[in-house]
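Notes follow the structure.
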Amino acid sequence: MMKANKIKIFQDSNIDDVDFAIIDVETTGLSVEYGDRVCEIGIVKLRGGAVIETYSSLINPQRPISAGAYAVNRISPAMVADAPIFTNIADRVYSLIEETVVGAYNAPFDLSFVNYELGLAGYPRIQNIVVDVLVMARQLLPGLNRYPQENVARAVGIPNSGKHRALDDAMITAQLLTIFTSLLKVHDCSKISDLRRQDLTQILKTRRWEIITSAIESKKNIWIRYLGNSEILEDMLTPITIAGHKTSFQSTVYLQAYCHSAGTDKNFRLDRILDVRVVE
């Protein structure tokens, strides 16, 4: 019997007042349009930044697993031969995502497969509010060059097993979402709608600029969290000035400051400063 979606979450709901269902799937190929299916699903439920439930299952896709897919996820035909088909776990999957905000890393890919499988099992498409953590990463970490999940996880200090299995990847996405929501809440962005904004880079840049210029004018120190080459760093600075560096390809804004840990003046790219606070 087809179920009706029950959605009681609104765009202006507070981030800490709702449940998130973070979904990741491993598939037999890259597109449902070519008949590819889900061969593993992982779901992590979050509430207030804490994991409250996890679920994972191998799935018999009822079709071959492509060589390209196996090279990534290492799920072999033998591993899924005795696994349930999606129809047999659809009720469990559906119950986990009901009345949640659904999150995924590159959400259109994962949700296209989940919706296809739910449809085959007689369930409606996901109508929940969806948060794409990849879109958030591109806005909140503009200093990165590439945004595969493992690159972003490495940048923010999340250990990565490199296995590319559904529950492992869903857990990494959940951790990224927790870090990003914490970052946004510091800047008074605490609603579900804030997670789906397209102007997060400019919002945070403006607010950090205001904090830093105020600290320069009042001659106060600041604490920053900064995206280094491969990790997130924290430091105490005495800000001196904000200066721009322009090339034919880009315009980069730097904070010139005395770095207390290094004991010397240094430049910090403004787009790599993740958090900044005045130290009274």
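Following the order of the structure tokens, first chain is A, next is B, and so on, with residues numbered from 1 inside each chain and ligands from 1 in the order they appear.
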Non-local contacts of range 103-108 of chain A (9 Å; only C-alpha atoms; under 5 positions in same chain excluded) as a list in words
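Non-adjacent residues within range: Phe20, Ala21, Ile22, Ile23, Asp24, Phe113, Ile129, Val130, Val131, Asp132, Val133, Leu134, Val135, Gln149, Asp169, Ala170, Thr173, Ala174 and Leu177 of chain A.
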Which residues come within 7 Å of Val38 in chain A, counting only C-alpha atoms, excluding same-chain residues fewer than 4 positions away, as a list in words?
Val25, Glu26, Thr27, Thr28, Ile59, Pro61 and Phe113 of chain A
Create the file for the chosen residues now, containing N, CA and C atoms and written as a PDB file, in the first residue's frame.
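Below is the file that was written, result.pdb:
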```pdb
ATOM      1  N   VAL A  25      24.036   6.120  -0.989  1.00  0.00           N
ATOM      2  CA  VAL A  25      23.816   4.845  -1.665  1.00  0.00           C
ATOM      3  C   VAL A  25      25.036   4.476  -2.501  1.00  0.00           C
ATOM      4  N   GLU A  26      25.267   3.182  -2.601  1.00  0.00           N
ATOM      5  CA  GLU A  26      26.197   2.636  -3.583  1.00  0.00           C
ATOM      6  C   GLU A  26      25.354   1.987  -4.670  1.00  0.00           C
ATOM      7  N   THR A  27      25.787   2.099  -5.905  1.00  0.00           N
ATOM      8  CA  THR A  27      24.943   1.702  -7.023  1.00  0.00           C
ATOM      9  C   THR A  27      25.703   0.830  -8.019  1.00  0.00           C
ATOM     10  N   THR A  28      24.938   0.249  -8.940  1.00  0.00           N
ATOM     11  CA  THR A  28      25.551  -0.611  -9.964  1.00  0.00           C
ATOM     12  C   THR A  28      26.166   0.192 -11.096  1.00  0.00           C
ATOM     13  N   ILE A  59      21.993  -4.621  -0.805  1.00  0.00           N
ATOM     14  CA  ILE A  59      20.744  -4.832  -1.529  1.00  0.00           C
ATOM     15  C   ILE A  59      21.040  -5.607  -2.803  1.00  0.00           C
ATOM     16  N   PRO A  61      20.592  -5.941  -6.335  1.00  0.00           N
ATOM     17  CA  PRO A  61      20.077  -4.983  -7.333  1.00  0.00           C
ATOM     18  C   PRO A  61      19.353  -5.650  -8.491  1.00  0.00           C
ATOM     19  N   PHE A 113      18.300   7.822  -7.188  1.00  0.00           N
ATOM     20  CA  PHE A 113      18.260   6.371  -7.016  1.00  0.00           C
ATOM     21  C   PHE A 113      17.256   5.965  -5.944  1.00  0.00           C
TER      22      PHE A 113
END
```
How would you write, as number ranges by chain, the set of residues in range 72-272 of chain A that DSSP gives as strand (DSSP E or B)?
A: 101-104, 130-132, 191, 221-227, 232-246, 251-259, 264-269
Of the candidates A:Asn151, A:Ser218, A:Gln139, A:Thr181, which shows the shortest atom-to-atom distance to Ile15 in chain A, using only C-alpha atoms?
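Closest residue, counting only C-alpha atoms: A:Thr181.
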Tell me, in Å to one decimal, how far CA of Gln62 in chain A is from CA of Glu33 in chain A.
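According to the coordinates, CA of Gln62 in chain A and CA of Glu33 in chain A are separated by 15.7 Å.
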Using Å and a single decimal, report how far CA of Gly162 in chain A sits from CA of Ser56 in chain A.
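Going from CA of Ser56 in chain A over to CA of Gly162 in chain A, I get 17.4 Å.
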Tell me which of A:Thr264, A:Thr206, A:Gln127, A:Gln11 sits closest to Thr238 in chain A, counting only C-alpha atoms.
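So, comparing all the options, the nearest one is A:Thr264.
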Contact residues around Ala71 in chain A with only C-alpha atoms at 12 Å, ignoring same-chain residues under 4 positions, as a count of residues only:
12
Identify, on the basis of only C-alpha atoms, every residue whose closest approach to Asp271 in chain A does not exceed 8 Å; exclude the query and any residue fewer than 3 positions from it along the same chain; express the result as a PyMOL selection string.
chain A and resi 141-143+205+253+274
Would you list the contacts of Trp209 in chain A as a PDB file with C-alpha atoms, in the first residue's frame, taking every protein, DNA or RNA residue within 9 Å and counting only C-alpha atoms, but skipping same-chain residues closer than 5 positions in sequence?
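The result, stored in part.pdb:
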```pdb
ATOM      1  CA  LEU A 204      29.908  34.931   6.085  1.00  0.00           C
ATOM      2  CA  SER A 214      35.998  46.417  14.162  1.00  0.00           C
ATOM      3  CA  ILE A 242      42.903  43.967   5.156  1.00  0.00           C
ATOM      4  CA  LEU A 270      39.949  35.892   4.026  1.00  0.00           C
TER       5      LEU A 270
END
```
